[in-house]
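> Got a structure for you, written out below as structure tokens; questions coming shortly.
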Amino acid sequence: MSSRRYQPVLNRQQEMLLPPCVDEYVSQNNPVRAIDAYVDTLDLQAFGFANSQPVMSAGQPAYDPAALLKLYLYGYLQGIRSSRKLEREARRNLEVMWLVEGLRPTYKTIADFRKVNGAALKAANRDFLLLCKELALFGGEQVAVDGSFFKADASKTGIYTEDKLNKQLEDLDQKIADYQQALAEQNAADDRASQGSLVEDEQLQQKLERLR
């Protein structure tokens with residue numbers, strides 16, 4: 001009688017568990033490459049994003065708004081409606097780690113980015129989704145993209161905004177507004193939960209002190 005066999009597992013102690021090149025973490029047709037290529041072609045200052053130009057200062061350097069925009073767009077496409085969840089994705093999800101190039105913004109940084117750049121985020125989100133619709137990036141077979149691919153076709157979106165997509169634009173704008181509202185509400189709920197946790201921690205510490 002033959003013994004039962006299981007699927008082989010990886011040795012956690014081996015040195016090369018992941019691909020040696022970070023770019024190999026995601027496939028060539030992974031949607032995060034579309035986000036990355038799109039944002040890299042943008043003039044963030046023209047869109048109105050804060051801190052779009054590097055500034056020398058004595059304090060901690062700011063996060064590149066391009067990286068935070070990529071994270072925001074990823075969250076929109078994945079239906080992630082919490083800055084805390086986006087924070088976790090940037091720390092544990094390989095494709096997100098690739099997308100933001102290893103940055104680990106806190107949920108507060110992500111939430112503040114949305115608050116400060118509300119109008120710019122709506123405009124960039126709208127533009128990105130229109131371009132993806134025109135290029136059929138997320139419908140049917142996925143295609144590999146790079147920066148030159150987006151630059152070559154980015155002008156097409158302007159044709160459709162006035163002639164053919166008025167109703168679709170209204171629906172799109174409403175979906176984006178709903179997403180931003182959901183983010184705001186969830187962030188507020190997370191903040192309240194955090195305050196409750198702090199109070200509980202303080203009360204527990206006081207009880208422990210009385211027992212000593």
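We name chains A, B, ... following the order of the structure tokens; residues begin at 1 in each chain, and ligands are numbered from 1 as shown.
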Find the residues near Ala188 (chain A): any atom within 10 Å, counting only C-alpha atoms, skip ones fewer than 6 places away on the same chain, and give them as a VMD selection string.

chain A and resid 82 111 182 194

> How about saving the chosen residues, C-alpha atoms kept, as a PDB file, in the first residue's frame?


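Dumped everything to part-v9.pdb:
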ATOM      1  CA  SER A  82     -10.434  51.964   4.571  1.00  0.00           C
ATOM      2  CA  ALA A 111      -6.265  59.609   5.113  1.00  0.00           C
ATOM      3  CA  ALA A 182     -17.059  55.674   2.071  1.00  0.00           C
ATOM      4  CA  SER A 194      -8.713  53.910  18.094  1.00  0.00           C
TER       5      SER A 194
END

> Using only C-alpha atoms, which protein or nucleic acid residues come within 12 Å of Arg126 (chain A)? Drop anything in the same chain fewer than 4 positions from it, and give the result as a ChimeraX atom specification.

/A:47,73,76,119-122,130-133,157-158,161,165,168-177

> Under the rule that only C-alpha atoms are counted, which of A:Gln180, A:Gln60, A:Gln53, A:Asn93 is the nearest residue to Gly118 (chain A)?

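Under the stated criterion, the closest residue is A:Gln180.
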
> Which residue, A:Ser83, A:Gln14, A:Thr106, A:Asn117, has the smallest gap to Ala66 (chain A) when you use only C-alpha atoms?

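Looking only at the distances to Ala66 (chain A), the closest residue turns out to be A:Asn117.
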
> Excluding same-chain residues fewer than 2 positions from Glu87 (chain A), what lies within 8 Å of it counting only C-alpha atoms, as a ChimeraX atom specification?

/A:83-85,89-91,104-107,110

> Mind listing the alpha helix (DSSP H) residues of region 37-189 of chain A, per DSSP on the backbone, as a ChimeraX atom specification?

/A:37-40,44-47,65-78,83-92,94-99,107-116,118-135,147-153,156-163,166-189

> Which residues come within 12 Å of Leu68 (chain A), counting only C-alpha atoms, excluding same-chain residues fewer than 3 positions away, as an MDAnalysis selection string?

chainID A and resid 35:36 39 44 49:52 62:65 71:75 83 86:87 90 96:97 99:114 117 121

> Can you tell me how far CA of Ala124 (chain A) sits from CA of Tyr38 (chain A), in Å to one decimal?

9.8 Å
